[in-house]
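Structure record follows, encoded as structure tokens.
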Amino acid sequence: MNEQTIKDSIALFLAGATDPQGRSLGDQGKIQGWKFACGRVQVDVLSQGLDIPQKREIDAHLYEGLLKIDGVDDVVVNMVNPEAPTEADLQAARGTQAQAAPTAADRAASLPQKRAIPGVKSVIAVASGKGGVGKSTVAVNLAVALSQLGHKVGLLDADCYGPSIPVMLGIGEDEKPHVTDERKIAPLRKWDLDVMSIGFFVERDNAVIWRGLMVTKALQQFFFEVDWKDLDFLIIDLPPGTGDTQLTMVQNIQVHGAIIVSTPQDVALADARKGLAMFRETQVPIIGLIENMSFFICPHCQERTEIFSHGGARRTAEELGAPFLGEIPLVTALRETSDGGTPFMITCDDSPARRAFLQVAEEVIRSHARLGSRKSGRAQEFVER
């Protein structure tokens with residue numbers, strides 16, 4: 001099938017595409033534009049006035065219908081935010097820059113692809129190479145520690161397949177976000193944190209069975225359609241590994257730093273190296289590595305036992321030239337507070353684990369300050385030129 005025939009089939013399908021109520025997307029002006037190249041269709045859909053379920057249904061309708069057309073190998077559905085510049089605007093801006101200063105345009109060409117999250121000063125990703133290393137526990141208590149140090153903090157649960165933040169924060173199943181008058185999703189407020197999770201929109205016992213494309217769209221909505229307000233830090237709790245969620249994040253938003261969580265075991269450290277390598281390849285600054293479950297102190301005899309070995313994360317950090325942020329011991333209170341819905345940093349007055357979380361939080365604050373200094377320096381350098 002030649003390219004023109006494929007394009008005609010795409011246009012015919014889109015002309016008949018409807019929303020969940022059976023109304024024509026074209027007649028409503030929802031189809032903002034589309035293009036086809038190298039087997040891929042990209043469709044821009046105006047998201048104004050649509051809630052999350054409607055967006056998902058339209059996304060699935062367009063994805064499945066277009067993929068049935070002979071010659072179409074891939075489909076990308078973009079939900080266009082009317083407040084953000086369109087791709088055409090960005091291309092026009094890049095073209096103008098290219099005429100004025102080709103060298104500067106080359107450097108800036110990729111910047112529009114990574115957008116700042118409105119209302120957020122600094123985005124911090126908490127990641128791990130594998131599951132079961134306590135990454136979500138670290139993310140929750142780091143967020144609380146930053147809040148206790150006087151900062152306004154948000155927590156985004158980006159693990160769409162296994163959201164655990166609602167349980168760890170004690171947020172009930174009947175607590176649901178609402179939509180503001182500006183058609184934004186209002187995050188829930190808990191423990192002085194602004195919180196968002198896919199777990200707020202699905203039953204806790206139900207599995208989230210989505211293609212990667214659906215996860216990508218949900219994350220984009222959490223980044224740009226949540227009413228994040230004046231946050232100093234947004235902590236993003238990522239799923240383990242280096243898959244769709246991580247790539248969606250680093251390709252779409254400005255991430256100011258990444259923290260890698262690992263246990264001392266060699267198998268966990270091997271995966272942690274891969275996670276660190278991914279962030280470096282995508283030019284995300286590494287704040288450092290944390291060794292979780294570093295050692296166990298018996299509450300009865302106070303004897304220290306290194307259950308999973310010890311010191312592996314520190315050695316790995318040194319080998320890879322990354323900062324080492326500290327050791328978090330394996331303590332019963334961390335497990336109990338996570339299961340009970342009250343963060344460890346809320347209940348514990350003083351302990352080695354609390355001091356470790358505060359140490360990590362202070363390093364995040366220093367990293368944020370260094371980033372601000374580098375931005376100011378680059379701005380001054382530009383002015384001087």
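Starting from 1 in every chain, residues are counted up; chains themselves are A, B, ... following the order of the structure tokens, and ligands are numbered from 1 as listed.
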Please report, as a Markdown table, each residue of stretch 21-55 of chain A lying at most 10 Å from stretch 216-231 of chain A, together with the nearest pair of atoms and the separation in Å rounded to one decimal; use only C-alpha atoms, and order rows by chain and ascending residue number.
```
| residue | atom | partner | partner_atom | distance |
| --- | --- | --- | --- | --- |
| A:Ser47 | CA | A:Glu225 | CA | 9.9 |
| A:Ile52 | CA | A:Gln221 | CA | 8.1 |
| A:Lys55 | CA | A:Lys217 | CA | 8.8 |
```
Serialized selection, C-alpha atoms, as a PDB file, in the first residue's frame:
```pdb
ATOM      1  CA  SER A  47      -7.609  17.600  26.132  1.00  0.00           C
ATOM      2  CA  ILE A  52      -8.976  11.066  32.877  1.00  0.00           C
ATOM      3  CA  LYS A  55      -8.883  10.619  27.782  1.00  0.00           C
TER       4      LYS A  55
END
```
For stretch 250-262 of chain A, please output as number ranges by chain all residues within 8 Å (counting only C-alpha atoms; exclusion window: fewer than 4 positions along the same chain).
A: 113-117, 122-129, 133-135, 138, 220, 223, 246, 268-269, 272, 275-276, 279, 282, 284-292, 313, 367-368, 371
Spatial neighbours of A:Pro343, 7 Å, only C-alpha atoms, chain gap at least 6 places, as a list in words:
Val140, Asn141, Met168, Leu169 and Thr337 of chain A
Those selected residues, please, written with C-alpha atoms and delivered as a PDB file, in the first residue's frame.
```pdb
ATOM      1  CA  VAL A 140       8.119   8.468  51.479  1.00  0.00           C
ATOM      2  CA  ASN A 141      10.472   9.197  54.355  1.00  0.00           C
ATOM      3  CA  MET A 168       2.178   3.682  53.128  1.00  0.00           C
ATOM      4  CA  LEU A 169       0.638   7.097  53.822  1.00  0.00           C
ATOM      5  CA  THR A 337       5.120   2.245  60.023  1.00  0.00           C
TER       6      THR A 337
END
```
Can you pull out the residues contacting A:Phe233? Cut-off 9 Å, using only C-alpha atoms, and skip same-chain residues under 4 positions away; I want them as a ChimeraX atom specification.
/A:120-124,143,146,151-155
Separation of atom CA of A:Asp266 from atom CA of A:His300 in Å:
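Interatomic distance here is 29.3 Å.
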Spatial neighbours of A:Gly71, 8 Å, only C-alpha atoms, chain gap at least 2 places, as a count of residues only
5
Write out as number ranges by chain each polymer residue whose atoms come within 12 Å of A:Val179, counting only C-alpha atoms; drop sequence neighbours fewer than 3 positions from it.
A: 49-52, 176, 182-188, 225-227
Between atom CA of A:Val72 and atom CA of A:Val41, what is the spacing in Å?
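Between these atoms lies a distance of 7.0 Å.
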When DSSP is applied to the backbone of this structure, which of stretch 104-293 of chain A are assigned alpha helix (DSSP H)? Write them out as a ChimeraX atom specification.
/A:104-108,135-148,165-168,212-224,244-252,266-281
Give me the residues near A:Gly199 as a ChimeraX atom specification, where near means some atom within 10 Å (using only C-alpha atoms) and where sequence neighbours in that chain fewer than 5 positions away do not count.
/A:157-167,171,173,176,204,206,208
Selection above as a file: N, CA and C atoms, as a PDB file, in the first residue's frame:
```pdb
ATOM      1  N   ASP A 157       3.557   8.990  43.049  1.00  0.00           N
ATOM      2  CA  ASP A 157       3.731   7.541  42.923  1.00  0.00           C
ATOM      3  C   ASP A 157       3.638   7.197  41.434  1.00  0.00           C
ATOM      4  N   ALA A 158       4.785   6.967  40.800  1.00  0.00           N
ATOM      5  CA  ALA A 158       4.824   6.715  39.360  1.00  0.00           C
ATOM      6  C   ALA A 158       4.813   5.234  39.014  1.00  0.00           C
ATOM      7  N   ASP A 159       4.612   4.375  40.005  1.00  0.00           N
ATOM      8  CA  ASP A 159       4.543   2.935  39.747  1.00  0.00           C
ATOM      9  C   ASP A 159       3.088   2.573  39.458  1.00  0.00           C
ATOM     10  N   CYS A 160       2.700   2.636  38.184  1.00  0.00           N
ATOM     11  CA  CYS A 160       1.298   2.421  37.814  1.00  0.00           C
ATOM     12  C   CYS A 160       0.854   0.983  38.029  1.00  0.00           C
ATOM     13  N   TYR A 161       1.765   0.021  37.926  1.00  0.00           N
ATOM     14  CA  TYR A 161       1.387  -1.382  38.059  1.00  0.00           C
ATOM     15  C   TYR A 161       1.361  -1.849  39.521  1.00  0.00           C
ATOM     16  N   GLY A 162       2.116  -1.184  40.376  1.00  0.00           N
ATOM     17  CA  GLY A 162       2.147  -1.581  41.783  1.00  0.00           C
ATOM     18  C   GLY A 162       2.212  -0.385  42.703  1.00  0.00           C
ATOM     19  N   PRO A 163       1.182   0.491  42.676  1.00  0.00           N
ATOM     20  CA  PRO A 163       1.214   1.689  43.524  1.00  0.00           C
ATOM     21  C   PRO A 163       1.120   1.340  45.006  1.00  0.00           C
ATOM     22  N   SER A 164       2.080   1.799  45.794  1.00  0.00           N
ATOM     23  CA  SER A 164       2.093   1.472  47.223  1.00  0.00           C
ATOM     24  C   SER A 164       2.004   2.703  48.117  1.00  0.00           C
ATOM     25  N   ILE A 165       2.159   3.884  47.539  1.00  0.00           N
ATOM     26  CA  ILE A 165       2.176   5.106  48.343  1.00  0.00           C
ATOM     27  C   ILE A 165       0.863   5.328  49.111  1.00  0.00           C
ATOM     28  N   PRO A 166      -0.324   5.084  48.514  1.00  0.00           N
ATOM     29  CA  PRO A 166      -1.550   5.293  49.299  1.00  0.00           C
ATOM     30  C   PRO A 166      -1.574   4.489  50.596  1.00  0.00           C
ATOM     31  N   VAL A 167      -1.146   3.229  50.542  1.00  0.00           N
ATOM     32  CA  VAL A 167      -1.128   2.397  51.750  1.00  0.00           C
ATOM     33  C   VAL A 167      -0.084   2.906  52.732  1.00  0.00           C
ATOM     34  N   ILE A 171      -3.750   6.536  53.291  1.00  0.00           N
ATOM     35  CA  ILE A 171      -4.827   7.209  52.566  1.00  0.00           C
ATOM     36  C   ILE A 171      -5.901   6.185  52.238  1.00  0.00           C
ATOM     37  N   GLU A 173      -9.350   4.242  50.825  1.00  0.00           N
ATOM     38  CA  GLU A 173      -9.870   4.028  49.469  1.00  0.00           C
ATOM     39  C   GLU A 173     -10.986   5.002  49.111  1.00  0.00           C
ATOM     40  N   LYS A 176     -10.545  10.472  47.374  1.00  0.00           N
ATOM     41  CA  LYS A 176     -10.301  10.599  45.938  1.00  0.00           C
ATOM     42  C   LYS A 176      -9.962  12.049  45.586  1.00  0.00           C
ATOM     43  N   ARG A 204      -7.990  -1.191  44.979  1.00  0.00           N
ATOM     44  CA  ARG A 204      -6.678  -1.659  45.430  1.00  0.00           C
ATOM     45  C   ARG A 204      -6.424  -3.131  45.129  1.00  0.00           C
ATOM     46  N   ASN A 206      -7.545  -4.610  42.431  1.00  0.00           N
ATOM     47  CA  ASN A 206      -7.601  -4.812  40.981  1.00  0.00           C
ATOM     48  C   ASN A 206      -6.239  -4.593  40.349  1.00  0.00           C
ATOM     49  N   VAL A 208      -3.760  -3.383  37.399  1.00  0.00           N
ATOM     50  CA  VAL A 208      -3.730  -2.394  36.324  1.00  0.00           C
ATOM     51  C   VAL A 208      -3.118  -3.081  35.107  1.00  0.00           C
TER      52      VAL A 208
END
```
From a DSSP calculation on the backbone, collect every residue of stretch 233-341 of chain A in strand (DSSP E) and output the set as a ChimeraX atom specification.
/A:233-237,257-262,286-297,304-305,324-330
